[in-house]
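Data from target-v3.cif: mmCIF, C-alpha atoms
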```cif
data_query
#
loop_
_atom_site.label_atom_id
_atom_site.label_comp_id
_atom_site.auth_asym_id
_atom_site.auth_seq_id
_atom_site.Cartn_x
_atom_site.Cartn_y
_atom_site.Cartn_z
CA MET A 1 -82.97 9.50 -3.04
CA THR A 2 -79.74 9.54 -5.03
CA ASP A 3 -79.07 12.69 -7.02
CA ILE A 4 -78.57 11.67 -10.65
CA THR A 5 -75.99 14.42 -11.08
CA SER A 6 -73.78 12.78 -8.43
CA LEU A 7 -73.39 9.55 -10.41
CA PRO A 8 -69.88 8.89 -11.76
CA PRO A 9 -69.42 9.71 -15.44
CA ASP A 10 -68.72 6.06 -16.38
CA THR A 11 -72.08 4.76 -15.11
CA GLY A 12 -73.53 4.54 -18.63
CA PRO A 13 -72.24 2.61 -21.68
CA SER A 14 -68.53 3.16 -22.34
CA PHE A 15 -67.60 4.21 -25.89
CA ASN A 16 -63.98 5.23 -25.26
CA LEU A 17 -64.06 8.04 -27.80
CA SER A 18 -61.27 10.59 -27.99
CA GLY A 19 -60.73 14.01 -29.53
CA LYS A 20 -63.57 14.92 -31.82
CA ASP A 21 -65.23 11.61 -30.97
CA MET A 22 -65.85 12.92 -27.47
CA ALA A 23 -68.51 15.15 -28.97
CA VAL A 24 -72.03 13.86 -29.39
CA ALA A 25 -71.84 11.12 -32.03
CA GLY A 26 -74.81 10.46 -34.28
CA GLN A 27 -76.27 7.10 -35.22
CA TRP A 28 -74.19 6.68 -38.37
CA ARG A 29 -71.00 7.78 -36.59
CA LEU A 30 -71.47 5.11 -33.93
CA PHE A 31 -72.35 2.63 -36.68
CA TRP A 32 -69.05 3.28 -38.47
CA LEU A 33 -66.97 3.19 -35.27
CA LYS A 34 -68.27 -0.29 -34.52
CA PHE A 35 -68.13 -1.56 -38.09
CA LYS A 36 -64.50 -0.61 -38.75
CA LYS A 37 -63.37 -2.85 -35.87
CA HIS A 38 -64.73 -5.87 -37.75
CA ARG A 39 -61.64 -6.68 -39.84
CA ILE A 40 -63.18 -9.54 -41.82
CA ALA A 41 -66.17 -7.36 -42.73
CA LEU A 42 -63.85 -4.58 -43.90
CA ALA A 43 -61.88 -7.03 -46.07
CA SER A 44 -65.16 -8.39 -47.44
CA LEU A 45 -66.31 -4.86 -48.25
CA VAL A 46 -63.16 -4.34 -50.33
CA ILE A 47 -63.76 -7.62 -52.17
CA ILE A 48 -67.40 -6.82 -52.86
CA VAL A 49 -66.58 -3.32 -54.14
CA PHE A 50 -63.91 -4.84 -56.39
CA MET A 51 -66.32 -7.45 -57.78
CA TYR A 52 -69.00 -4.87 -58.52
CA LEU A 53 -66.42 -2.65 -60.24
CA VAL A 54 -65.40 -5.64 -62.35
CA ALA A 55 -69.05 -6.21 -63.22
CA ALA A 56 -69.57 -2.53 -64.09
CA PHE A 57 -66.48 -2.38 -66.34
CA ALA A 58 -66.79 -5.92 -67.71
CA ASP A 59 -66.57 -4.80 -71.34
CA PHE A 60 -63.25 -3.08 -70.62
CA ILE A 61 -61.76 -5.87 -68.47
CA ALA A 62 -62.78 -8.90 -70.55
CA PRO A 63 -60.20 -9.33 -73.34
CA PHE A 64 -62.60 -11.03 -75.78
CA ASP A 65 -66.22 -11.16 -76.80
CA PRO A 66 -67.79 -13.68 -74.38
CA ASN A 67 -69.73 -15.28 -77.23
CA ALA A 68 -66.82 -15.48 -79.71
CA THR A 69 -66.08 -19.10 -80.62
CA ASN A 70 -62.86 -20.73 -81.81
CA ALA A 71 -63.05 -24.35 -82.96
CA ARG A 72 -59.26 -24.63 -82.85
CA PHE A 73 -59.18 -24.31 -79.03
CA THR A 74 -62.19 -26.27 -77.77
CA TYR A 75 -61.59 -27.26 -74.13
CA ALA A 76 -58.24 -25.44 -74.15
CA PRO A 77 -56.70 -25.48 -70.63
CA PRO A 78 -55.87 -22.31 -68.65
CA GLN A 79 -52.70 -20.55 -69.76
CA ALA A 80 -50.41 -19.15 -67.06
CA LEU A 81 -49.63 -15.47 -67.49
CA SER A 82 -45.92 -14.64 -67.09
CA LEU A 83 -44.82 -11.04 -66.55
CA PHE A 84 -41.16 -11.53 -67.54
CA HIS A 85 -39.41 -13.05 -70.52
CA ASP A 86 -35.64 -13.25 -71.06
CA GLY A 87 -35.03 -11.15 -67.94
CA SER A 88 -37.18 -8.21 -69.02
CA PHE A 89 -40.73 -7.16 -68.27
CA GLN A 90 -42.73 -8.65 -71.10
CA PRO A 91 -46.11 -10.17 -70.22
CA ASN A 92 -46.73 -13.35 -72.18
CA VAL A 93 -48.36 -16.74 -72.26
CA LYS A 94 -46.98 -19.89 -73.82
CA GLN A 95 -48.55 -20.88 -77.11
CA LEU A 96 -50.67 -24.00 -76.92
CA LYS A 97 -49.59 -26.98 -79.01
CA MET A 98 -52.35 -29.43 -79.89
CA THR A 99 -51.77 -33.19 -80.20
CA LEU A 100 -54.19 -36.05 -80.74
CA ASN A 101 -54.27 -38.80 -78.14
CA THR A 102 -54.73 -41.97 -80.21
CA GLU A 103 -55.91 -43.98 -77.19
CA SER A 104 -58.70 -41.70 -76.02
CA MET A 105 -59.14 -39.98 -79.42
CA ARG A 106 -59.14 -36.60 -77.71
CA ARG A 107 -57.20 -33.49 -78.43
CA GLU A 108 -54.63 -32.55 -75.83
CA PHE A 109 -52.92 -29.19 -75.38
CA GLN A 110 -49.40 -28.58 -74.13
CA PRO A 111 -47.71 -25.18 -73.64
CA ASP A 112 -44.76 -24.59 -75.94
CA PRO A 113 -42.02 -22.73 -73.98
CA ALA A 114 -40.23 -21.84 -77.21
CA LYS A 115 -43.18 -19.82 -78.51
CA PRO A 116 -44.27 -17.07 -76.11
CA VAL A 117 -47.32 -15.06 -77.08
CA LYS A 118 -47.01 -11.38 -76.18
CA VAL A 119 -49.68 -9.87 -73.94
CA GLY A 120 -50.09 -6.12 -73.55
CA PHE A 121 -52.08 -3.73 -71.45
CA PHE A 122 -54.51 -1.18 -72.89
CA VAL A 123 -54.53 -2.87 -76.27
CA LYS A 124 -56.87 -2.14 -79.14
CA ALA A 125 -60.11 -4.09 -79.04
CA GLN A 126 -61.08 -6.32 -81.92
CA GLN A 127 -64.50 -4.67 -82.00
CA PRO A 128 -65.65 -1.29 -80.67
CA TYR A 129 -67.97 -1.30 -77.65
CA TYR A 130 -69.72 1.07 -75.28
CA LEU A 131 -68.33 1.36 -71.76
CA LEU A 132 -71.21 1.31 -69.25
CA GLY A 133 -73.46 1.35 -72.31
CA LEU A 134 -72.66 5.04 -72.87
CA VAL A 135 -69.02 5.79 -73.73
CA PRO A 136 -67.70 4.45 -77.08
CA MET A 137 -64.40 2.63 -76.55
CA GLN A 138 -61.87 0.65 -78.57
CA THR A 139 -59.43 -0.20 -75.78
CA LYS A 140 -59.22 -3.31 -73.58
CA LEU A 141 -57.44 -3.59 -70.23
CA PHE A 142 -55.23 -6.38 -71.57
CA GLY A 143 -55.04 -8.70 -74.54
CA LEU A 144 -52.83 -9.98 -77.34
CA THR A 145 -50.60 -7.26 -78.75
CA ASN A 146 -50.10 -8.69 -82.23
CA PRO A 147 -52.47 -11.64 -82.58
CA GLN A 148 -51.45 -14.19 -85.19
CA VAL A 149 -53.08 -17.37 -86.39
CA GLY A 150 -52.72 -19.97 -83.65
CA ASP A 151 -52.24 -17.45 -80.81
CA SER A 152 -54.51 -17.73 -77.82
CA LEU A 153 -55.07 -16.16 -74.41
CA TYR A 154 -57.19 -18.31 -72.11
CA ILE A 155 -56.48 -17.27 -68.52
CA PHE A 156 -59.25 -19.53 -67.18
CA GLY A 157 -59.40 -21.94 -70.12
CA ALA A 158 -62.00 -22.41 -72.86
CA ASP A 159 -65.33 -24.24 -73.12
CA ARG A 160 -66.66 -26.72 -75.67
CA LEU A 161 -67.01 -24.00 -78.29
CA GLY A 162 -63.63 -22.40 -77.65
CA ARG A 163 -65.11 -19.41 -75.82
CA ASP A 164 -62.93 -17.63 -73.26
CA ILE A 165 -64.08 -18.59 -69.75
CA PHE A 166 -62.46 -15.53 -68.14
CA SER A 167 -64.43 -13.17 -70.38
CA ARG A 168 -67.63 -15.12 -69.76
CA VAL A 169 -67.18 -15.12 -65.97
CA VAL A 170 -66.52 -11.36 -65.99
CA HIS A 171 -69.61 -10.69 -68.10
CA GLY A 172 -71.62 -13.15 -66.01
CA ALA A 173 -70.90 -11.04 -62.95
CA LYS A 174 -73.04 -8.27 -64.43
CA ILE A 175 -76.15 -10.44 -64.37
CA SER A 176 -75.55 -12.48 -61.22
CA LEU A 177 -74.50 -9.56 -59.02
CA SER A 178 -77.08 -7.12 -60.37
CA ILE A 179 -79.92 -9.59 -59.79
CA GLY A 180 -79.02 -9.52 -56.10
CA LEU A 181 -79.14 -5.72 -55.99
CA VAL A 182 -82.36 -5.36 -57.99
CA GLY A 183 -84.03 -8.13 -55.99
CA VAL A 184 -82.97 -6.54 -52.70
CA PHE A 185 -84.29 -3.15 -53.84
CA MET A 186 -87.66 -4.72 -54.61
CA SER A 187 -87.62 -6.53 -51.26
CA LEU A 188 -86.80 -3.23 -49.53
CA ILE A 189 -89.80 -1.48 -51.04
CA LEU A 190 -92.21 -4.33 -50.31
CA GLY A 191 -90.80 -5.22 -46.89
CA VAL A 192 -90.68 -1.69 -45.47
CA THR A 193 -94.06 -0.67 -46.88
CA ILE A 194 -96.04 -3.79 -46.02
CA GLY A 195 -94.23 -4.44 -42.73
CA GLY A 196 -94.60 -0.79 -41.73
CA ILE A 197 -98.33 -0.82 -42.37
CA SER A 198 -98.69 -4.07 -40.43
CA GLY A 199 -96.75 -2.89 -37.38
CA PHE A 200 -97.87 0.74 -37.27
CA PHE A 201 -101.62 0.36 -37.78
CA GLY A 202 -102.11 -3.13 -36.29
CA GLY A 203 -105.62 -4.51 -36.01
CA GLY A 204 -107.21 -6.17 -39.03
CA ALA A 205 -104.49 -4.98 -41.41
CA ASP A 206 -101.81 -6.58 -39.24
CA LEU A 207 -103.79 -9.83 -39.00
CA ALA A 208 -104.36 -10.07 -42.76
CA ILE A 209 -100.77 -9.21 -43.67
CA GLN A 210 -99.25 -11.66 -41.21
CA ARG A 211 -101.48 -14.51 -42.39
CA PHE A 212 -100.55 -13.74 -46.00
CA ILE A 213 -96.83 -13.76 -45.09
CA GLU A 214 -97.26 -17.09 -43.31
CA LEU A 215 -98.97 -18.48 -46.41
CA LEU A 216 -96.08 -17.43 -48.65
CA ARG A 217 -93.46 -18.76 -46.25
CA SER A 218 -95.25 -22.12 -45.97
CA ILE A 219 -94.81 -22.80 -49.70
CA PRO A 220 -91.54 -24.65 -50.48
CA THR A 221 -89.24 -22.10 -52.07
CA ILE A 222 -87.54 -24.14 -54.80
CA PRO A 223 -90.75 -25.75 -56.18
CA LEU A 224 -92.42 -22.32 -56.17
CA TRP A 225 -89.54 -20.77 -58.07
CA MET A 226 -89.43 -23.69 -60.48
CA GLY A 227 -93.13 -23.45 -61.19
CA LEU A 228 -93.02 -19.69 -61.79
CA ALA A 229 -89.85 -19.88 -63.89
CA ALA A 230 -91.26 -22.71 -66.01
CA ALA A 231 -94.20 -20.46 -66.88
CA ILE A 232 -91.94 -17.94 -68.63
CA PRO A 233 -92.52 -18.14 -72.42
CA VAL A 234 -89.52 -19.46 -74.32
CA GLY A 235 -89.74 -16.74 -76.96
CA TRP A 236 -89.39 -13.83 -74.58
CA PRO A 237 -86.44 -11.47 -75.19
CA PRO A 238 -83.48 -11.81 -72.79
CA LEU A 239 -84.09 -8.46 -71.06
CA ARG A 240 -87.69 -9.30 -70.20
CA THR A 241 -86.66 -12.74 -68.96
CA TYR A 242 -84.01 -11.13 -66.75
CA PHE A 243 -86.52 -8.86 -65.02
CA VAL A 244 -89.04 -11.67 -64.56
CA ILE A 245 -86.39 -13.90 -62.96
CA THR A 246 -85.45 -10.98 -60.70
CA LEU A 247 -89.09 -10.63 -59.70
CA ILE A 248 -89.29 -14.36 -58.97
CA VAL A 249 -86.20 -14.47 -56.73
CA SER A 250 -87.44 -11.45 -54.75
CA LEU A 251 -90.98 -12.81 -54.37
CA ILE A 252 -90.23 -14.47 -51.04
CA GLY A 253 -87.30 -12.34 -49.88
CA TRP A 254 -89.44 -9.44 -48.68
CA THR A 255 -91.38 -11.47 -46.12
CA SER A 256 -88.56 -11.78 -43.57
CA LEU A 257 -87.77 -8.07 -43.83
CA ALA A 258 -91.47 -7.21 -43.44
CA ARG A 259 -91.63 -9.14 -40.18
CA GLU A 260 -88.54 -7.44 -38.81
CA VAL A 261 -89.90 -4.01 -39.76
CA ARG A 262 -93.22 -4.90 -38.13
CA GLY A 263 -91.44 -5.81 -34.89
CA LYS A 264 -89.51 -2.54 -34.91
CA PHE A 265 -92.68 -0.54 -35.54
CA LEU A 266 -94.51 -2.27 -32.72
CA SER A 267 -91.75 -1.26 -30.30
CA LEU A 268 -91.40 2.32 -31.58
CA ARG A 269 -94.94 3.47 -32.39
CA SER A 270 -95.60 4.45 -28.76
CA GLU A 271 -92.33 6.36 -28.29
CA ASP A 272 -92.40 10.04 -27.37
CA PHE A 273 -91.01 11.28 -30.69
CA VAL A 274 -93.80 9.47 -32.58
CA ILE A 275 -96.47 10.92 -30.31
CA ALA A 276 -94.93 14.39 -30.69
CA ALA A 277 -94.94 14.08 -34.49
CA ARG A 278 -98.59 12.98 -34.46
CA LEU A 279 -99.56 15.91 -32.20
CA ASP A 280 -97.70 18.23 -34.55
CA GLY A 281 -100.10 17.21 -37.31
CA MET A 282 -97.82 14.93 -39.35
CA SER A 283 -99.57 12.27 -41.38
CA GLU A 284 -99.19 8.57 -40.57
CA ILE A 285 -97.21 7.91 -43.78
CA GLY A 286 -94.95 10.86 -42.96
CA ILE A 287 -94.28 9.48 -39.49
CA ILE A 288 -93.39 6.08 -40.95
CA PHE A 289 -90.92 7.31 -43.56
CA SER A 290 -89.61 10.43 -41.80
CA HIS A 291 -89.17 9.16 -38.25
CA LEU A 292 -89.60 5.40 -37.84
CA VAL A 293 -87.71 4.02 -40.85
CA PRO A 294 -84.64 6.29 -40.43
CA SER A 295 -84.41 5.30 -36.75
CA PHE A 296 -83.38 1.74 -37.67
CA MET A 297 -82.06 2.22 -41.21
CA SER A 298 -78.70 0.72 -40.25
CA HIS A 299 -80.46 -2.49 -39.24
CA ILE A 300 -82.32 -2.57 -42.57
CA ILE A 301 -79.04 -2.18 -44.46
CA ALA A 302 -77.51 -5.08 -42.55
CA THR A 303 -80.56 -7.27 -43.24
CA LEU A 304 -80.56 -6.47 -46.95
CA THR A 305 -76.84 -7.20 -47.24
CA LEU A 306 -77.44 -10.66 -45.82
CA ALA A 307 -80.31 -11.16 -48.30
CA ILE A 308 -78.21 -10.53 -51.43
CA PRO A 309 -76.34 -13.89 -51.28
CA SER A 310 -79.57 -15.87 -51.13
CA MET A 311 -80.85 -14.10 -54.24
CA ILE A 312 -77.59 -14.74 -56.10
CA LEU A 313 -77.80 -18.42 -55.15
CA ALA A 314 -81.46 -18.54 -56.20
CA GLU A 315 -80.66 -17.24 -59.68
CA THR A 316 -77.72 -19.63 -59.92
CA ALA A 317 -79.87 -22.60 -58.92
CA LEU A 318 -82.66 -21.75 -61.37
CA SER A 319 -80.23 -21.21 -64.26
CA PHE A 320 -78.29 -24.37 -63.38
CA LEU A 321 -81.53 -26.38 -63.46
CA GLY A 322 -82.30 -24.93 -66.89
CA ILE A 323 -85.46 -23.03 -65.88
CA GLY A 324 -83.88 -19.66 -65.17
CA LEU A 325 -81.79 -17.51 -67.47
CA GLN A 326 -80.83 -19.16 -70.75
CA PRO A 327 -78.15 -18.47 -73.39
CA PRO A 328 -77.33 -16.06 -74.96
CA ILE A 329 -77.67 -14.41 -71.52
CA ILE A 330 -74.48 -14.99 -69.54
CA SER A 331 -74.65 -15.51 -65.78
CA TRP A 332 -72.73 -17.67 -63.35
CA GLY A 333 -75.65 -20.07 -63.21
CA VAL A 334 -75.70 -20.35 -67.01
CA LEU A 335 -71.96 -21.06 -66.99
CA LEU A 336 -72.49 -23.86 -64.48
CA GLN A 337 -74.78 -25.58 -66.98
CA GLU A 338 -71.62 -26.56 -68.84
CA ALA A 339 -70.62 -28.55 -65.74
CA GLN A 340 -73.71 -30.75 -65.81
CA ASN A 341 -71.91 -33.21 -68.10
CA ILE A 342 -69.56 -35.43 -66.09
CA ARG A 343 -67.46 -36.11 -69.17
CA ALA A 344 -67.01 -32.38 -69.78
CA VAL A 345 -66.00 -31.80 -66.16
CA ALA A 346 -63.51 -34.67 -66.29
CA GLN A 347 -61.98 -33.27 -69.46
CA ALA A 348 -62.22 -29.59 -68.50
CA PRO A 349 -62.61 -29.15 -64.70
CA TRP A 350 -62.20 -25.37 -65.02
CA LEU A 351 -65.77 -25.24 -66.37
CA LEU A 352 -66.95 -26.07 -62.85
CA PHE A 353 -64.29 -24.50 -60.66
CA THR A 354 -64.14 -21.04 -62.24
CA PRO A 355 -67.81 -19.94 -61.96
CA ALA A 356 -68.19 -21.88 -58.69
CA ALA A 357 -65.21 -19.99 -57.20
CA ALA A 358 -66.76 -16.66 -58.23
CA ILE A 359 -70.05 -17.63 -56.56
CA VAL A 360 -68.39 -18.87 -53.37
CA ILE A 361 -66.19 -15.76 -53.02
CA SER A 362 -69.07 -13.34 -53.59
CA VAL A 363 -71.51 -15.17 -51.30
CA LEU A 364 -68.98 -15.56 -48.47
CA SER A 365 -67.89 -11.92 -48.75
CA LEU A 366 -71.48 -10.70 -48.68
CA ASN A 367 -72.24 -12.88 -45.66
CA PHE A 368 -69.19 -11.63 -43.76
CA LEU A 369 -70.08 -8.05 -44.70
CA GLY A 370 -73.65 -8.59 -43.55
CA ASP A 371 -72.45 -10.03 -40.23
CA GLY A 372 -70.27 -6.97 -39.67
CA LEU A 373 -73.10 -4.59 -40.53
CA ARG A 374 -75.48 -6.49 -38.26
CA ASP A 375 -73.04 -6.29 -35.34
CA ALA A 376 -72.50 -2.58 -35.99
CA ALA A 377 -76.26 -1.98 -36.07
CA ASP A 378 -76.73 -3.63 -32.67
CA PRO A 379 -77.66 -0.77 -30.31
CA TYR A 380 -76.49 -2.76 -27.27
CA GLU A 381 -72.98 -3.31 -28.64
CA SER A 382 -70.65 -0.64 -27.25
CA VAL A 383 -67.72 0.90 -29.08
CA SER A 384 -64.45 -0.08 -27.42
#
```

Please express the file's structure as structure tokens.
Amino acid sequence: MTDITSLPPDTGPSFNLSGKDMAVAGQWRLFWLKFKKHRIALASLVIIVFMYLVAAFADFIAPFDPNATNARFTYAPPQALSLFHDGSFQPNVKQLKMTLNTESMRREFQPDPAKPVKVGFFVKAQQPYYLLGLVPMQTKLFGLTNPQVGDSLYIFGADRLGRDIFSRVVHGAKISLSIGLVGVFMSLILGVTIGGISGFFGGGADLAIQRFIELLRSIPTIPLWMGLAAAIPVGWPPLRTYFVITLIVSLIGWTSLAREVRGKFLSLRSEDFVIAARLDGMSEIGIIFSHLVPSFMSHIIATLTLAIPSMILAETALSFLGIGLQPPIISWGVLLQEAQNIRAVAQAPWLLFTPAAAIVISVLSLNFLGDGLRDAADPYESVS
């Protein structure tokens, strides 16, 4: 028989750690060592953090009230921001000059190079607001320094009511991105609890839960969401509608997580550390949340990260179809409603491209981040 102590030190998995890494590395340490080698996931993490910071400080970043209208600049095109003027640092945009096209009977805007409009940073806001809903503020990140009649600042253009698209996209990020987080949190609670009960106890509970999950997953998702969203009373306040839509988009999301948790529990419930905890007198619920769930928490995080994009897309689809969030609530899906009119898109394509670009960037970044987290959570992937 071969003495196990005589085996060469490189017989097991090779992690190529050095210095302090040569010490015993915990689960989260190994998770980070593998994740940081995924360059696209790291870049996506930076983008996602940036987008959530923009959403959190939307009132400070957006130069104007997202619901402020201006009939003078309906369908105004995007204005390019220049940082220099006459050889000196002086942020500005060119003033828009409106002319009437007698053939199409539409107003057309042209930038006037002779009339720069000064743009400043940390300017005084037109109206006071509360940063994060708590801190009273009267300062904006950027805006017009000395606004005069006829001056405008439309970085991403204006809509049919002359509202600033940039400010609306920034404020829309608060709703669209937070729905993903709130929905994922609800899915986490339902998925871990129900899936844990199913996999840990088995028997009749497992049979009933799995048949119920199969019933939910057999219902077409979009018609189910449409039916539930159509049942929301029109007169409900925006905040209540927001939470109901969040509940709807997370109604199906927990089922896939519950099945994954069930599979993990089935493979771990007979391990030595579970048996030792049971012999030590720990309750079944304590074993689930103190030993089993933490043992594959990294995998749960990766799964939830991949679930956020689907919830963002679900809210966008419902709002775009007119059965989700409705004005005056601002979300990326609500902004896309403006693009339903082909004539409006032909006249103002930025109504489609701007919110669509925000959705595409956030969804792709979250998917890349989720892929990186999933690879890092793979216990059979070695650190090289």

Residues selected by the PyMOL selection byres ((chain A and resi 321) around 12), written as a CSV table (one decimal) with C-alpha atoms, in the frame of the given file:
```csv
chain,number,residue,atom,x,y,z
A,222,ILE,CA,-87.5,-24.1,-54.8
A,223,PRO,CA,-90.8,-25.8,-56.2
A,225,TRP,CA,-89.5,-20.8,-58.1
A,226,MET,CA,-89.4,-23.7,-60.5
A,229,ALA,CA,-89.8,-19.9,-63.9
A,230,ALA,CA,-91.3,-22.7,-66.0
A,314,ALA,CA,-81.5,-18.5,-56.2
A,315,GLU,CA,-80.7,-17.2,-59.7
A,316,THR,CA,-77.7,-19.6,-59.9
A,317,ALA,CA,-79.9,-22.6,-58.9
A,318,LEU,CA,-82.7,-21.8,-61.4
A,319,SER,CA,-80.2,-21.2,-64.3
A,320,PHE,CA,-78.3,-24.4,-63.4
A,322,GLY,CA,-82.3,-24.9,-66.9
A,323,ILE,CA,-85.5,-23.0,-65.9
A,324,GLY,CA,-83.9,-19.7,-65.2
A,325,LEU,CA,-81.8,-17.5,-67.5
A,326,GLN,CA,-80.8,-19.2,-70.8
A,333,GLY,CA,-75.6,-20.1,-63.2
A,334,VAL,CA,-75.7,-20.4,-67.0
A,335,LEU,CA,-72.0,-21.1,-67.0
A,336,LEU,CA,-72.5,-23.9,-64.5
A,337,GLN,CA,-74.8,-25.6,-67.0
A,338,GLU,CA,-71.6,-26.6,-68.8
A,339,ALA,CA,-70.6,-28.6,-65.7
A,340,GLN,CA,-73.7,-30.8,-65.8
```

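Residues matched by the PyMOL selection byres ((chain A and resi 60) around 8) in this structure: Phe57, Ala58, Asp59, Ile61, Ala62, Pro63, Leu131, Thr139, Lys140 and Leu141 of chain A.
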
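When all atoms listed in the file are used to measure the gap to A:Ser250, the shortest distance among A:Asp375, A:Phe289, A:Phe122, A:Ser187 belongs to A:Ser187.
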
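Shortest separation to A:Met186 among A:Ile329, A:Ser152, A:Phe84, A:Thr246 occurs at residue A:Thr246, atoms counted being only C-alpha atoms.
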
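The shortest atom-to-atom distance to A:Phe212, with only C-alpha atoms taken into account, belongs to A:Arg259 out of A:Arg259, A:Ser167, A:Val293, A:Ala357.
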
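Counting only C-alpha atoms and comparing A:Gly120, A:Pro238, A:Gly133, A:Gly150, the residue that lies closest to A:Leu96 is A:Gly150.
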
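Relative to atom CA of A:Ala277, atom CA of A:Leu292 is found at 10.7 Å.
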
Answer key for the PyMOL selection byres ((chain A and resi 190) around 12), residues as a ChimeraX atom specification
/A:183-189,191-198,209,213,247,250-259,261

Starting from the incomplete input, reconstruct N, CA and C atoms of stretch 322-338 of chain A and report them as a PDB file, keeping the file's coordinate frame.
```
ATOM      1  N   GLY A 322     -81.796 -25.126 -65.535  1.00  0.00           N
ATOM      2  CA  GLY A 322     -82.300 -24.930 -66.890  1.00  0.00           C
ATOM      3  C   GLY A 322     -83.644 -24.250 -66.968  1.00  0.00           C
ATOM      4  N   ILE A 323     -84.152 -23.696 -65.866  1.00  0.00           N
ATOM      5  CA  ILE A 323     -85.460 -23.030 -65.880  1.00  0.00           C
ATOM      6  C   ILE A 323     -85.318 -21.548 -65.556  1.00  0.00           C
ATOM      7  N   GLY A 324     -84.107 -21.077 -65.451  1.00  0.00           N
ATOM      8  CA  GLY A 324     -83.880 -19.660 -65.170  1.00  0.00           C
ATOM      9  C   GLY A 324     -83.433 -18.941 -66.441  1.00  0.00           C
ATOM     10  N   LEU A 325     -82.354 -18.197 -66.317  1.00  0.00           N
ATOM     11  CA  LEU A 325     -81.790 -17.510 -67.470  1.00  0.00           C
ATOM     12  C   LEU A 325     -81.191 -18.528 -68.443  1.00  0.00           C
ATOM     13  N   GLN A 326     -81.301 -18.247 -69.713  1.00  0.00           N
ATOM     14  CA  GLN A 326     -80.830 -19.160 -70.750  1.00  0.00           C
ATOM     15  C   GLN A 326     -79.904 -18.404 -71.703  1.00  0.00           C
ATOM     16  N   PRO A 327     -78.977 -19.120 -72.370  1.00  0.00           N
ATOM     17  CA  PRO A 327     -78.150 -18.470 -73.390  1.00  0.00           C
ATOM     18  C   PRO A 327     -79.058 -17.811 -74.435  1.00  0.00           C
ATOM     19  N   PRO A 328     -78.671 -16.670 -75.007  1.00  0.00           N
ATOM     20  CA  PRO A 328     -77.330 -16.060 -74.960  1.00  0.00           C
ATOM     21  C   PRO A 328     -77.041 -15.198 -73.734  1.00  0.00           C
ATOM     22  N   ILE A 329     -77.973 -15.116 -72.760  1.00  0.00           N
ATOM     23  CA  ILE A 329     -77.670 -14.410 -71.520  1.00  0.00           C
ATOM     24  C   ILE A 329     -76.550 -15.146 -70.792  1.00  0.00           C
ATOM     25  N   ILE A 330     -75.611 -14.394 -70.248  1.00  0.00           N
ATOM     26  CA  ILE A 330     -74.480 -14.990 -69.540  1.00  0.00           C
ATOM     27  C   ILE A 330     -74.588 -14.642 -68.064  1.00  0.00           C
ATOM     28  N   SER A 331     -74.693 -15.665 -67.229  1.00  0.00           N
ATOM     29  CA  SER A 331     -74.650 -15.510 -65.780  1.00  0.00           C
ATOM     30  C   SER A 331     -73.832 -16.659 -65.225  1.00  0.00           C
ATOM     31  N   TRP A 332     -73.508 -16.584 -63.953  1.00  0.00           N
ATOM     32  CA  TRP A 332     -72.730 -17.670 -63.350  1.00  0.00           C
ATOM     33  C   TRP A 332     -73.525 -18.968 -63.319  1.00  0.00           C
ATOM     34  N   GLY A 333     -74.819 -18.877 -63.164  1.00  0.00           N
ATOM     35  CA  GLY A 333     -75.650 -20.070 -63.210  1.00  0.00           C
ATOM     36  C   GLY A 333     -75.673 -20.690 -64.596  1.00  0.00           C
ATOM     37  N   VAL A 334     -75.737 -19.847 -65.630  1.00  0.00           N
ATOM     38  CA  VAL A 334     -75.700 -20.350 -67.010  1.00  0.00           C
ATOM     39  C   VAL A 334     -74.362 -21.023 -67.295  1.00  0.00           C
ATOM     40  N   LEU A 335     -73.274 -20.456 -66.779  1.00  0.00           N
ATOM     41  CA  LEU A 335     -71.960 -21.060 -66.990  1.00  0.00           C
ATOM     42  C   LEU A 335     -71.861 -22.416 -66.306  1.00  0.00           C
ATOM     43  N   LEU A 336     -72.528 -22.578 -65.174  1.00  0.00           N
ATOM     44  CA  LEU A 336     -72.490 -23.860 -64.480  1.00  0.00           C
ATOM     45  C   LEU A 336     -73.242 -24.955 -65.232  1.00  0.00           C
ATOM     46  N   GLN A 337     -74.103 -24.559 -66.183  1.00  0.00           N
ATOM     47  CA  GLN A 337     -74.780 -25.580 -66.980  1.00  0.00           C
ATOM     48  C   GLN A 337     -73.782 -26.426 -67.768  1.00  0.00           C
ATOM     49  N   GLU A 338     -72.656 -25.814 -68.124  1.00  0.00           N
ATOM     50  CA  GLU A 338     -71.620 -26.560 -68.840  1.00  0.00           C
ATOM     51  C   GLU A 338     -71.052 -27.678 -67.971  1.00  0.00           C
TER      52      GLU A 338
END
```
